[in-house]
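Q: Below is upload_19.txt; it holds compact mmCIF, C-alpha atoms.
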```txt
# COMPACT_ATOMS: atom_id res chain seq x y z
CA MET A 1 -76.40 22.08 121.50
CA GLN A 2 -75.97 25.85 121.35
CA ARG A 3 -78.72 28.31 122.19
CA ARG A 4 -78.85 32.02 121.42
CA SER A 5 -79.37 34.29 124.37
CA SER A 6 -83.08 34.66 124.98
CA SER A 7 -85.69 35.45 127.63
CA SER A 8 -86.32 31.80 128.44
CA SER A 9 -87.32 30.68 131.93
CA LEU A 10 -84.81 31.54 134.62
CA PHE A 11 -84.77 28.02 135.96
CA ALA A 12 -85.53 25.93 132.87
CA ALA A 13 -82.64 23.56 133.60
CA ALA A 14 -83.78 22.50 137.07
CA ALA A 15 -87.48 21.80 137.45
CA ASN A 16 -87.19 21.04 141.16
CA THR A 17 -85.32 24.26 142.00
CA SER A 18 -86.78 27.68 142.68
CA PRO A 19 -85.04 30.95 143.61
CA SER A 20 -85.41 33.35 146.46
CA THR A 21 -84.48 36.91 145.55
CA PHE A 22 -83.16 39.88 147.48
CA THR A 23 -82.26 43.24 145.96
CA PHE A 24 -79.98 45.97 147.28
CA SER A 25 -79.33 49.27 145.56
CA ALA A 26 -76.60 51.64 146.69
CA GLY A 27 -78.16 54.78 148.09
CA HIS A 28 -75.71 57.29 146.63
CA LEU A 29 -75.03 57.00 142.92
CA ALA A 30 -71.80 58.46 141.66
CA GLU A 31 -71.97 61.68 139.69
CA PRO A 32 -70.69 61.55 136.10
CA GLY A 33 -66.96 61.84 135.84
CA ARG A 34 -65.54 65.30 135.49
CA PRO A 35 -63.42 66.21 132.49
CA GLY A 36 -60.09 64.48 132.76
CA GLU A 37 -61.38 61.96 135.34
CA PRO A 38 -62.24 58.30 134.66
CA LEU A 39 -65.90 57.44 134.25
CA PRO A 40 -67.46 55.49 137.14
CA GLY A 41 -66.27 51.91 137.17
CA SER A 42 -63.65 52.48 134.50
CA PRO A 43 -60.11 51.18 134.95
CA VAL A 44 -57.20 53.40 135.89
CA LYS A 45 -54.09 52.49 133.90
CA GLN A 46 -50.61 52.53 135.34
CA ALA A 47 -47.71 52.97 132.98
CA PRO A 48 -45.96 49.61 132.62
CA SER A 49 -42.52 49.30 134.10
CA ARG A 50 -39.75 48.48 131.64
CA GLY A 51 -40.09 44.81 130.78
CA GLY A 52 -43.07 44.40 133.15
CA PRO A 53 -46.78 43.77 132.66
CA ASN A 54 -49.27 46.48 131.80
CA ILE A 55 -51.12 46.80 135.13
CA ILE A 56 -54.57 48.36 135.54
CA ARG A 57 -55.57 49.55 138.98
CA HIS A 58 -59.13 49.64 140.25
CA SER A 59 -61.40 52.69 140.38
CA TYR A 60 -63.92 52.37 143.20
CA ALA A 61 -66.66 54.50 141.57
CA VAL A 62 -68.82 51.53 140.62
CA GLN A 63 -72.25 52.41 141.98
CA ASN A 64 -73.71 52.72 138.48
CA ARG A 65 -72.97 49.04 137.94
CA LYS A 66 -75.36 46.28 139.07
CA ILE A 67 -74.26 42.75 139.92
CA LEU A 68 -76.29 39.55 140.10
CA VAL A 69 -75.03 37.43 143.00
CA ILE A 70 -75.97 33.75 142.62
CA TYR A 71 -75.59 31.66 145.77
CA THR A 72 -75.51 27.96 144.90
CA GLY A 73 -74.42 26.67 148.32
CA GLY A 74 -71.20 25.87 150.14
CA THR A 75 -69.45 26.69 153.41
CA LEU A 76 -69.68 30.44 152.85
CA GLY A 77 -73.35 30.72 153.90
CA MET A 78 -73.54 27.89 156.42
CA ALA A 79 -74.45 28.26 160.11
CA THR A 80 -73.39 26.17 163.09
CA GLN A 81 -76.04 23.80 164.38
CA PRO A 82 -76.58 22.78 168.04
CA ASP A 83 -74.61 19.56 167.48
CA GLY A 84 -71.66 21.54 166.09
CA SER A 85 -72.23 20.64 162.45
CA LEU A 86 -72.66 23.17 159.64
CA ALA A 87 -75.86 23.46 157.62
CA PRO A 88 -77.07 25.88 154.91
CA ASP A 89 -78.75 29.03 156.21
CA THR A 90 -80.59 31.07 153.57
CA GLU A 91 -80.96 34.11 155.85
CA LEU A 92 -77.32 34.34 156.94
CA LEU A 93 -75.90 35.36 153.57
CA LYS A 94 -78.76 37.77 152.89
CA ALA A 95 -78.21 39.60 156.20
CA LYS A 96 -74.41 39.64 155.90
CA LEU A 97 -74.49 40.91 152.33
CA GLU A 98 -76.88 43.70 153.25
CA ARG A 99 -74.62 44.71 156.14
CA LEU A 100 -71.50 44.67 153.97
CA ALA A 101 -73.15 46.66 151.21
CA SER A 102 -74.56 49.20 153.67
CA SER A 103 -71.17 49.69 155.32
CA TYR A 104 -69.40 50.34 152.02
CA GLU A 105 -72.24 51.58 149.81
CA ASP A 106 -70.20 54.49 148.45
CA GLN A 107 -67.65 51.96 147.12
CA MET A 108 -69.86 48.98 146.19
CA PRO A 109 -72.02 48.26 143.14
CA ALA A 110 -75.73 47.65 143.53
CA TYR A 111 -76.67 43.99 143.51
CA GLU A 112 -79.47 41.45 143.45
CA LEU A 113 -79.15 38.15 145.29
CA ILE A 114 -80.56 34.84 144.02
CA GLN A 115 -80.26 31.77 146.23
CA PHE A 116 -80.79 28.28 144.85
CA ASP A 117 -83.48 26.31 146.64
CA PRO A 118 -82.39 23.86 147.79
CA LEU A 119 -78.78 24.95 148.19
CA ILE A 120 -76.25 22.52 146.74
CA ASP A 121 -73.32 20.92 148.54
CA SER A 122 -70.49 21.33 146.05
CA SER A 123 -69.65 17.61 146.21
CA ASP A 124 -73.13 17.01 144.73
CA MET A 125 -72.60 19.43 141.82
CA SER A 126 -73.75 17.89 138.52
CA HIS A 127 -74.16 18.71 134.84
CA ASP A 128 -77.76 19.68 135.55
CA ASP A 129 -76.54 22.24 138.08
CA TRP A 130 -74.04 23.62 135.55
CA ARG A 131 -76.87 24.02 133.05
CA HIS A 132 -78.94 25.71 135.74
CA ILE A 133 -76.19 28.24 136.49
CA ALA A 134 -75.47 28.92 132.81
CA GLU A 135 -79.14 29.47 132.00
CA THR A 136 -79.50 31.77 135.00
CA VAL A 137 -76.70 33.93 133.62
CA GLU A 138 -78.22 33.78 130.14
CA SER A 139 -81.69 34.82 131.22
CA ARG A 140 -80.42 37.85 133.17
CA TYR A 141 -77.49 38.67 130.90
CA TYR A 142 -78.75 42.04 129.68
CA ASP A 143 -80.02 43.14 133.11
CA PHE A 144 -76.68 43.16 134.92
CA SER A 145 -73.14 44.46 134.49
CA GLY A 146 -71.58 41.31 135.89
CA PHE A 147 -72.19 38.12 137.83
CA VAL A 148 -70.79 36.66 141.07
CA ILE A 149 -71.37 32.96 141.72
CA LEU A 150 -70.94 31.84 145.34
CA HIS A 151 -70.01 28.16 145.38
CA GLY A 152 -68.60 25.46 147.61
CA THR A 153 -64.85 25.12 147.20
CA ASP A 154 -64.53 21.38 146.53
CA THR A 155 -65.85 21.56 142.96
CA LEU A 156 -65.64 25.32 142.36
CA ALA A 157 -62.80 24.99 139.84
CA TYR A 158 -64.74 22.35 137.87
CA THR A 159 -67.77 24.63 137.65
CA ALA A 160 -65.65 27.59 136.56
CA SER A 161 -64.02 25.53 133.83
CA ALA A 162 -67.37 24.19 132.62
CA LEU A 163 -68.94 27.66 132.52
CA SER A 164 -66.00 29.02 130.55
CA PHE A 165 -66.97 26.67 127.72
CA GLN A 166 -70.74 26.95 128.19
CA LEU A 167 -70.86 30.76 128.11
CA ARG A 168 -69.45 31.49 124.66
CA ASN A 169 -68.78 35.04 123.44
CA LEU A 170 -69.14 36.30 127.01
CA GLY A 171 -69.12 40.09 127.27
CA THR A 172 -69.36 40.56 131.04
CA PRO A 173 -67.41 39.30 134.08
CA VAL A 174 -68.55 36.05 135.69
CA ILE A 175 -66.60 35.67 138.95
CA LEU A 176 -66.79 32.52 141.07
CA THR A 177 -65.75 32.53 144.71
CA GLY A 178 -66.39 30.77 148.00
CA SER A 179 -64.73 30.50 151.37
CA MET A 180 -62.96 28.09 153.66
CA VAL A 181 -64.60 29.63 156.75
CA THR A 182 -68.27 30.49 157.13
CA LEU A 183 -69.52 34.07 157.26
CA GLU A 184 -70.78 33.64 160.81
CA SER A 185 -67.27 33.02 162.21
CA VAL A 186 -65.59 35.90 164.01
CA TYR A 187 -62.66 35.51 161.59
CA ASN A 188 -63.31 34.36 158.05
CA ASP A 189 -62.28 34.73 154.44
CA ALA A 190 -65.85 34.86 153.15
CA GLY A 191 -66.52 38.59 153.48
CA ARG A 192 -63.39 39.68 151.66
CA ASN A 193 -63.83 37.13 148.89
CA ILE A 194 -67.39 38.33 148.29
CA ILE A 195 -66.52 42.05 148.32
CA VAL A 196 -63.51 41.73 146.02
CA SER A 197 -65.40 39.43 143.64
CA MET A 198 -68.20 42.01 143.39
CA LEU A 199 -65.68 44.76 142.65
CA TYR A 200 -64.05 42.68 139.91
CA ALA A 201 -67.51 41.80 138.55
CA ALA A 202 -68.21 45.54 138.21
CA ARG A 203 -65.28 45.99 135.83
CA TYR A 204 -65.77 46.89 132.18
CA ASP A 205 -62.59 45.19 131.01
CA ILE A 206 -63.14 41.60 132.27
CA GLN A 207 -65.16 39.53 129.80
CA GLU A 208 -64.64 35.95 130.88
CA VAL A 209 -65.23 33.41 133.64
CA CYS A 210 -62.80 33.88 136.55
CA ILE A 211 -62.17 32.64 140.06
CA PHE A 212 -61.24 35.05 142.83
CA PHE A 213 -59.96 33.45 146.00
CA GLY A 214 -57.65 34.71 148.74
CA GLU A 215 -55.64 37.41 147.02
CA GLU A 216 -55.69 36.47 143.34
CA LEU A 217 -57.97 36.48 140.33
CA TYR A 218 -57.53 33.44 138.08
CA ARG A 219 -58.78 32.43 134.65
CA GLY A 220 -61.63 30.02 135.33
CA ASN A 221 -60.33 27.12 133.23
CA ARG A 222 -56.71 27.39 134.41
CA CYS A 223 -57.29 27.02 138.15
CA SER A 224 -57.43 24.18 140.69
CA LYS A 225 -58.02 23.72 144.37
CA LEU A 226 -54.58 22.92 145.75
CA ASP A 227 -55.04 23.06 149.54
CA SER A 228 -57.83 21.76 151.77
CA ALA A 229 -56.83 23.75 154.85
CA SER A 230 -55.44 27.10 153.68
CA LEU A 231 -57.31 30.35 153.06
CA MET A 232 -55.19 30.52 149.88
CA ALA A 233 -56.72 27.27 148.70
CA PHE A 234 -56.61 27.83 144.92
CA GLY A 235 -53.81 28.27 142.44
CA SER A 236 -53.00 28.32 138.75
CA PRO A 237 -49.70 26.46 138.41
CA ASN A 238 -49.30 26.92 134.64
CA PHE A 239 -50.84 30.35 134.04
CA PRO A 240 -50.24 33.61 135.92
CA PRO A 241 -53.04 35.33 137.86
CA LEU A 242 -55.14 37.82 135.91
CA GLY A 243 -55.27 40.15 138.91
CA GLN A 244 -54.16 40.50 142.50
CA LEU A 245 -55.40 42.04 145.72
CA ARG A 246 -52.61 44.19 147.10
CA MET A 247 -52.96 47.77 148.29
CA ASP A 248 -55.12 48.13 145.18
CA LEU A 249 -57.03 45.66 143.04
CA THR A 250 -54.90 45.12 139.96
CA LEU A 251 -55.37 43.49 136.58
CA ASN A 252 -52.74 42.36 134.12
CA GLU A 253 -54.18 43.89 130.95
CA ASP A 254 -51.96 41.79 128.70
CA LEU A 255 -53.59 38.56 129.93
CA LEU A 256 -57.25 39.57 129.60
CA LEU A 257 -59.36 38.05 126.84
CA PRO A 258 -60.33 40.50 124.07
CA GLN A 259 -63.87 41.77 123.74
CA SER A 260 -66.14 39.45 121.77
CA LYS A 261 -67.99 40.97 118.82
CA GLN A 262 -70.65 38.24 118.77
CA ARG A 263 -73.76 37.61 120.84
CA LEU A 264 -73.72 35.34 123.86
CA HIS A 265 -74.35 31.66 123.06
CA VAL A 266 -74.99 29.16 125.84
CA SER A 267 -74.12 25.51 125.35
CA THR A 268 -76.16 23.19 127.56
CA HIS A 269 -75.34 19.77 126.10
CA MET A 270 -72.63 17.93 128.02
CA CYS A 271 -71.38 14.37 127.87
CA SER A 272 -71.22 12.28 131.05
CA ASP A 273 -69.47 9.26 129.54
CA ILE A 274 -65.99 10.50 130.49
CA LEU A 275 -63.28 8.85 132.57
CA VAL A 276 -60.08 10.22 134.10
CA LEU A 277 -57.41 7.52 134.45
CA LYS A 278 -54.18 8.11 136.34
CA LEU A 279 -51.34 5.76 135.43
CA LEU A 280 -49.55 4.04 138.31
CA PRO A 281 -46.56 1.69 138.22
CA GLY A 282 -47.79 -1.88 137.97
CA PHE A 283 -51.29 -1.14 136.68
CA SER A 284 -53.17 -3.89 134.86
CA ASP A 285 -53.65 -3.65 131.10
CA GLU A 286 -56.72 -5.88 131.45
CA VAL A 287 -58.37 -3.37 133.77
CA VAL A 288 -57.67 -0.57 131.29
CA ALA A 289 -59.12 -2.67 128.46
CA ASN A 290 -62.34 -3.12 130.43
CA MET A 291 -62.54 0.60 131.20
CA VAL A 292 -62.29 1.82 127.61
CA LYS A 293 -65.26 -0.15 126.33
CA PRO A 294 -68.58 1.51 125.40
CA PRO A 295 -70.43 3.51 126.58
CA LEU A 296 -67.20 5.41 127.36
CA ARG A 297 -66.72 8.24 124.86
CA GLY A 298 -63.81 10.19 126.30
CA LEU A 299 -60.69 9.22 128.27
CA ILE A 300 -58.34 11.68 129.98
CA LEU A 301 -55.13 9.76 130.53
CA GLU A 302 -52.85 11.19 133.22
CA THR A 303 -49.39 10.13 132.12
CA TYR A 304 -45.96 10.43 133.72
CA GLY A 305 -43.71 13.49 133.38
CA THR A 306 -44.01 15.20 130.02
CA GLY A 307 -46.41 12.57 128.67
CA THR A 308 -44.60 9.25 128.91
CA VAL A 309 -46.17 5.79 129.26
CA PRO A 310 -44.37 2.47 129.87
CA ALA A 311 -42.34 1.76 126.71
CA LYS A 312 -42.35 -1.99 127.36
CA ARG A 313 -46.13 -2.21 127.62
CA ALA A 314 -47.02 -2.62 123.95
CA SER A 315 -50.33 -4.15 124.98
CA LEU A 316 -51.43 -0.84 126.55
CA ILE A 317 -50.66 1.09 123.35
CA ASN A 318 -52.58 -1.49 121.33
CA ILE A 319 -55.58 -1.26 123.70
CA LEU A 320 -55.68 2.52 123.40
CA ALA A 321 -55.15 2.43 119.63
CA ASP A 322 -58.04 -0.01 119.17
CA ALA A 323 -60.25 2.13 121.40
CA CYS A 324 -59.44 5.23 119.34
CA LYS A 325 -60.30 3.39 116.13
CA ALA A 326 -63.64 2.49 117.71
CA GLY A 327 -64.38 6.19 118.30
CA LEU A 328 -63.02 6.84 121.80
CA VAL A 329 -61.41 10.25 122.23
CA VAL A 330 -58.20 9.96 124.31
CA VAL A 331 -56.48 13.05 125.71
CA ALA A 332 -53.06 12.55 127.32
CA VAL A 333 -52.04 15.01 130.04
CA SER A 334 -49.26 15.13 132.60
CA GLN A 335 -49.69 14.23 136.24
CA CYS A 336 -47.33 17.08 137.11
CA ARG A 337 -48.82 20.35 138.36
CA ARG A 338 -46.20 22.48 136.63
CA GLY A 339 -44.27 22.28 133.41
CA TYR A 340 -45.21 21.61 129.80
```
For this file, write the structure as structure tokens.

A:
Amino acid sequence: MQRRSSSSSLFAAAANTSPSTFTFSAGHLAEPGRPGEPLPGSPVKQAPSRGGPNIIRHSYAVQNRKILVIYTGGTLGMATQPDGSLAPDTELLKAKLERLASSYEDQMPAYELIQFDPLIDSSDMSHDDWRHIAETVESRYYDFSGFVILHGTDTLAYTASALSFQLRNLGTPVILTGSMVTLESVYNDAGRNIIVSMLYAARYDIQEVCIFFGEELYRGNRCSKLDSASLMAFGSPNFPPLGQLRMDLTLNEDLLLPQSKQRLHVSTHMCSDILVLKLLPGFSDEVVANMVKPPLRGLILETYGTGTVPAKRASLINILADACKAGLVVVAVSQCRRGY
């Protein structure tokens, strides 16, 4: 089901969830650009090197841009409890964000903060939560220049991929980020990930769902969590980063999606009858036959190498062929992280 952007309820997708809101506006708005200077928030192009990508470097004059920050939950805003465990703290993120924005207000966009109530552990993320996030973006789409979604890392890449298909004809940046270390720690990756995500979300030239984590900006549906212990936890093995944090924030202009000429449409209907099956040597055809029966509607089959399955297992091919004839959609992918 597709729905045209409208002024529908902010939290129509989650009846048991209500927001808390906090607004910060930068105190010193940038003056209009002088003749020959870039307008506030506009990109600064660098001439491409011979044979190299066309790189755009960041202009920090972004105070005339306003970002909606949506905190769904995750390690980023958790606080240490007396027993040493971590638990969500709705005041921690609010205070830290205000301090960060106040410290760098001449270089930061204005923002409004919405926190889901209750906050969601990313391992509990569901289709209802994806609808909730998408409808939040939809309902505030024309009020903000961009969106930053703060999310737990375990399912962050799944949410980014889902939103990239839910938010069709997107004309603003939607940047997802999180952290491996909580904001309250004396050393952490949370503060930098938030700040850089907000700066990318203030850009005019990003019009898609992205993930920023560590030092790189990735396309939302081409990214995975690859490391459970590193501050560089995410990667995009088969597609280059859209941007990088170096001495400047950069974007590879040649990789960015073109501007959509149509209105935003939000798709909220998703199918849950999906199975991911990874082939292993010695698997049972009988088990596969039982798995592909109704109500299953879609099967993602993780095959070997470039898409091979056991050539001597004719029964497996017959099982899959019969399932396809019965209406099952089967998508074969490789188990390999890199390659074709």

Q: For the atom pair CA of Gly146 in chain A and CA of Ser164 in chain A, what is the interatomic distance in Å to one decimal place?

A: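 Value for the CA of Gly146 in chain A-CA of Ser164 in chain A distance: 14.5 Å.
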
Q: For Leu163 in chain A, which of A:Glu135, A:Asp189, A:Glu184, A:Asp117 is the closest residue, counting only C-alpha atoms?

A: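 Among the listed residues, the smallest separation from Leu163 in chain A belongs to A:Glu135.
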
Q: Of the candidates A:Val174, A:Val209, A:Leu277, A:Ile114, which one gets nearest to Val148 in chain A if we count all atoms listed in the file?

A: A:Val174

Q: Using Å and a single decimal, report how far CA of Ile149 in chain A sits from CA of Asn193 in chain A.

A: 11.2 Å

Q: Which residues come within 9 Å of Ser334 in chain A, counting all atoms listed in the file, excluding same-chain residues fewer than 2 positions away, as a PyMOL selection string?

A: chain A and resi 301-308+332+336-340

Q: Extract, using all atoms listed in the file, all DNA, RNA and protein residues at most 12 Å from range 319-324 of chain A, discarding same-chain residues fewer than 2 positions from it, and format them as a PDB file with C-alpha atoms, in the frame of the given file.

A:
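What ended up in out_7.pdb:
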```pdb
ATOM      1  CA  SER A 284     -53.170  -3.890 134.860  1.00  0.00           C
ATOM      2  CA  ASP A 285     -53.650  -3.650 131.100  1.00  0.00           C
ATOM      3  CA  GLU A 286     -56.720  -5.880 131.450  1.00  0.00           C
ATOM      4  CA  VAL A 287     -58.370  -3.370 133.770  1.00  0.00           C
ATOM      5  CA  VAL A 288     -57.670  -0.570 131.290  1.00  0.00           C
ATOM      6  CA  ALA A 289     -59.120  -2.670 128.460  1.00  0.00           C
ATOM      7  CA  ASN A 290     -62.340  -3.120 130.430  1.00  0.00           C
ATOM      8  CA  MET A 291     -62.540   0.600 131.200  1.00  0.00           C
ATOM      9  CA  VAL A 292     -62.290   1.820 127.610  1.00  0.00           C
ATOM     10  CA  LYS A 293     -65.260  -0.150 126.330  1.00  0.00           C
ATOM     11  CA  PRO A 294     -68.580   1.510 125.400  1.00  0.00           C
ATOM     12  CA  PRO A 295     -70.430   3.510 126.580  1.00  0.00           C
ATOM     13  CA  LEU A 296     -67.200   5.410 127.360  1.00  0.00           C
ATOM     14  CA  ARG A 297     -66.720   8.240 124.860  1.00  0.00           C
ATOM     15  CA  GLY A 298     -63.810  10.190 126.300  1.00  0.00           C
ATOM     16  CA  LEU A 299     -60.690   9.220 128.270  1.00  0.00           C
ATOM     17  CA  ILE A 300     -58.340  11.680 129.980  1.00  0.00           C
ATOM     18  CA  LEU A 301     -55.130   9.760 130.530  1.00  0.00           C
ATOM     19  CA  VAL A 309     -46.170   5.790 129.260  1.00  0.00           C
ATOM     20  CA  ARG A 313     -46.130  -2.210 127.620  1.00  0.00           C
ATOM     21  CA  ALA A 314     -47.020  -2.620 123.950  1.00  0.00           C
ATOM     22  CA  SER A 315     -50.330  -4.150 124.980  1.00  0.00           C
ATOM     23  CA  LEU A 316     -51.430  -0.840 126.550  1.00  0.00           C
ATOM     24  CA  ILE A 317     -50.660   1.090 123.350  1.00  0.00           C
ATOM     25  CA  ALA A 326     -63.640   2.490 117.710  1.00  0.00           C
ATOM     26  CA  GLY A 327     -64.380   6.190 118.300  1.00  0.00           C
ATOM     27  CA  LEU A 328     -63.020   6.840 121.800  1.00  0.00           C
ATOM     28  CA  VAL A 329     -61.410  10.250 122.230  1.00  0.00           C
ATOM     29  CA  VAL A 330     -58.200   9.960 124.310  1.00  0.00           C
ATOM     30  CA  VAL A 331     -56.480  13.050 125.710  1.00  0.00           C
ATOM     31  CA  ALA A 332     -53.060  12.550 127.320  1.00  0.00           C
TER      32      ALA A 332
END
```

Q: Counting only C-alpha atoms, what is within 7 Å of range 240-249 of chain A, bar same-chain residues fewer than 4 positions away, as a PDB file with C-alpha atoms, in the coordinates of the input?

A:
```pdb
ATOM      1  CA  ARG A  57     -55.570  49.550 138.980  1.00  0.00           C
ATOM      2  CA  HIS A  58     -59.130  49.640 140.250  1.00  0.00           C
ATOM      3  CA  GLU A 215     -55.640  37.410 147.020  1.00  0.00           C
ATOM      4  CA  GLU A 216     -55.690  36.470 143.340  1.00  0.00           C
ATOM      5  CA  LEU A 217     -57.970  36.480 140.330  1.00  0.00           C
ATOM      6  CA  TYR A 218     -57.530  33.440 138.080  1.00  0.00           C
ATOM      7  CA  ARG A 219     -58.780  32.430 134.650  1.00  0.00           C
ATOM      8  CA  SER A 236     -53.000  28.320 138.750  1.00  0.00           C
ATOM      9  CA  LEU A 255     -53.590  38.560 129.930  1.00  0.00           C
ATOM     10  CA  LEU A 256     -57.250  39.570 129.600  1.00  0.00           C
TER      11      LEU A 256
END
```

Q: Can you work out the spacing between CA of Val186 in chain A and CA of Met125 in chain A in Å, to one decimal?

A: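 Between these atoms lies a distance of 28.5 Å.
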
Q: Could you check which residues have any atom within 10 Å of (-67.1, 26.6, 145.0), counting only C-alpha atoms with coordinates taken straight from the file, and then list them as a PDB file with C-alpha atoms, in the frame of the given file?

A:
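Full text of part-v6.pdb as output:
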```pdb
ATOM      1  CA  TYR A  71     -75.590  31.660 145.770  1.00  0.00           C
ATOM      2  CA  THR A  72     -75.510  27.960 144.900  1.00  0.00           C
ATOM      3  CA  GLY A  73     -74.420  26.670 148.320  1.00  0.00           C
ATOM      4  CA  GLY A  74     -71.200  25.870 150.140  1.00  0.00           C
ATOM      5  CA  THR A  75     -69.450  26.690 153.410  1.00  0.00           C
ATOM      6  CA  LEU A  76     -69.680  30.440 152.850  1.00  0.00           C
ATOM      7  CA  ASP A 121     -73.320  20.920 148.540  1.00  0.00           C
ATOM      8  CA  SER A 122     -70.490  21.330 146.050  1.00  0.00           C
ATOM      9  CA  SER A 123     -69.650  17.610 146.210  1.00  0.00           C
ATOM     10  CA  MET A 125     -72.600  19.430 141.820  1.00  0.00           C
ATOM     11  CA  ILE A 149     -71.370  32.960 141.720  1.00  0.00           C
ATOM     12  CA  LEU A 150     -70.940  31.840 145.340  1.00  0.00           C
ATOM     13  CA  HIS A 151     -70.010  28.160 145.380  1.00  0.00           C
ATOM     14  CA  GLY A 152     -68.600  25.460 147.610  1.00  0.00           C
ATOM     15  CA  THR A 153     -64.850  25.120 147.200  1.00  0.00           C
ATOM     16  CA  ASP A 154     -64.530  21.380 146.530  1.00  0.00           C
ATOM     17  CA  THR A 155     -65.850  21.560 142.960  1.00  0.00           C
ATOM     18  CA  LEU A 156     -65.640  25.320 142.360  1.00  0.00           C
ATOM     19  CA  ALA A 157     -62.800  24.990 139.840  1.00  0.00           C
ATOM     20  CA  TYR A 158     -64.740  22.350 137.870  1.00  0.00           C
ATOM     21  CA  THR A 159     -67.770  24.630 137.650  1.00  0.00           C
ATOM     22  CA  ALA A 160     -65.650  27.590 136.560  1.00  0.00           C
ATOM     23  CA  LEU A 176     -66.790  32.520 141.070  1.00  0.00           C
ATOM     24  CA  THR A 177     -65.750  32.530 144.710  1.00  0.00           C
ATOM     25  CA  GLY A 178     -66.390  30.770 148.000  1.00  0.00           C
ATOM     26  CA  SER A 179     -64.730  30.500 151.370  1.00  0.00           C
ATOM     27  CA  MET A 180     -62.960  28.090 153.660  1.00  0.00           C
ATOM     28  CA  ILE A 211     -62.170  32.640 140.060  1.00  0.00           C
ATOM     29  CA  PHE A 213     -59.960  33.450 146.000  1.00  0.00           C
ATOM     30  CA  LYS A 225     -58.020  23.720 144.370  1.00  0.00           C
TER      31      LYS A 225
END
```

Q: So, counting all atoms listed in the file, which residue among A:Leu92, A:Leu68, A:Leu167, A:Ala229 is closest to His265 in chain A?

A: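 Result for the nearest residue to His265 in chain A: A:Leu167.
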
Q: A:Arg168, A:Ser161, A:Pro173, A:His132: which is nearest Ser224 in chain A, counting all atoms listed in the file?

A: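 The shortest atom-to-atom distance to Ser224 in chain A comes from A:Ser161.
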
Q: Given 5 Å on each side, where is the centre and what are the edge lengths in Å to one decimal of the axis-aligned box enclosing the listed atoms of range 225-234 of chain A, as JSON?

A:
```
{"center_x": -56.3, "center_y": 26.1, "center_z": 149.6, "size_x": 13.4, "size_y": 18.8, "size_z": 20.5}
```

Q: Which polymer residues have any atom within 10 Å of an atom of Gln262 in chain A, counting only C-alpha atoms, with same-chain residues fewer than 6 positions away left out, as an MDAnalysis selection string?

A: chainID A and resid 168:171

Q: Return the single residue from A:Ala95, A:Leu231, A:Ile175, A:Leu226 that is closest to Tyr187 in chain A, with distances computed using only C-alpha atoms.

A: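 Residue with the minimum atom-to-atom distance to Tyr187 in chain A: A:Leu231.
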
Q: Point out the residue among A:Ser103, A:Thr250, A:Gln115, A:Ser126 with the least atom-to-atom distance to Thr90 in chain A, counting only C-alpha atoms.

A: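 With only C-alpha atoms as the atom set, the closest residue is A:Gln115.
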
Q: Where atoms are absent from range 162-170 of chain A, fill them in so it carries N, CA, C and O atoms, then output it as a PDB file, in the frame of the given file.

A:
```pdb
ATOM      1  N   ALA A 162     -66.208  24.528 133.439  1.00  0.00           N
ATOM      2  CA  ALA A 162     -67.370  24.190 132.620  1.00  0.00           C
ATOM      3  C   ALA A 162     -68.054  25.440 132.087  1.00  0.00           C
ATOM      4  O   ALA A 162     -68.385  25.531 130.898  1.00  0.00           O
ATOM      5  N   LEU A 163     -68.262  26.435 132.947  1.00  0.00           N
ATOM      6  CA  LEU A 163     -68.940  27.660 132.520  1.00  0.00           C
ATOM      7  C   LEU A 163     -68.137  28.409 131.468  1.00  0.00           C
ATOM      8  O   LEU A 163     -68.706  29.077 130.601  1.00  0.00           O
ATOM      9  N   SER A 164     -66.819  28.309 131.532  1.00  0.00           N
ATOM     10  CA  SER A 164     -66.000  29.020 130.550  1.00  0.00           C
ATOM     11  C   SER A 164     -66.231  28.493 129.140  1.00  0.00           C
ATOM     12  O   SER A 164     -66.027  29.211 128.155  1.00  0.00           O
ATOM     13  N   PHE A 165     -66.654  27.241 129.023  1.00  0.00           N
ATOM     14  CA  PHE A 165     -66.970  26.670 127.720  1.00  0.00           C
ATOM     15  C   PHE A 165     -68.469  26.776 127.395  1.00  0.00           C
ATOM     16  O   PHE A 165     -68.840  26.818 126.226  1.00  0.00           O
ATOM     17  N   GLN A 166     -69.302  26.817 128.423  1.00  0.00           N
ATOM     18  CA  GLN A 166     -70.740  26.950 128.190  1.00  0.00           C
ATOM     19  C   GLN A 166     -71.123  28.354 127.760  1.00  0.00           C
ATOM     20  O   GLN A 166     -72.000  28.536 126.914  1.00  0.00           O
ATOM     21  N   LEU A 167     -70.508  29.363 128.360  1.00  0.00           N
ATOM     22  CA  LEU A 167     -70.860  30.760 128.110  1.00  0.00           C
ATOM     23  C   LEU A 167     -69.939  31.311 127.021  1.00  0.00           C
ATOM     24  O   LEU A 167     -68.912  31.928 127.301  1.00  0.00           O
ATOM     25  N   ARG A 168     -70.301  31.096 125.787  1.00  0.00           N
ATOM     26  CA  ARG A 168     -69.450  31.490 124.660  1.00  0.00           C
ATOM     27  C   ARG A 168     -69.740  32.928 124.258  1.00  0.00           C
ATOM     28  O   ARG A 168     -70.862  33.410 124.341  1.00  0.00           O
ATOM     29  N   ASN A 169     -68.692  33.625 123.837  1.00  0.00           N
ATOM     30  CA  ASN A 169     -68.780  35.040 123.440  1.00  0.00           C
ATOM     31  C   ASN A 169     -69.224  35.910 124.618  1.00  0.00           C
ATOM     32  O   ASN A 169     -69.950  36.887 124.446  1.00  0.00           O
ATOM     33  N   LEU A 170     -68.764  35.572 125.803  1.00  0.00           N
ATOM     34  CA  LEU A 170     -69.140  36.300 127.010  1.00  0.00           C
ATOM     35  C   LEU A 170     -68.634  37.735 126.932  1.00  0.00           C
ATOM     36  O   LEU A 170     -67.492  37.981 126.561  1.00  0.00           O
TER      37      LEU A 170
END
```
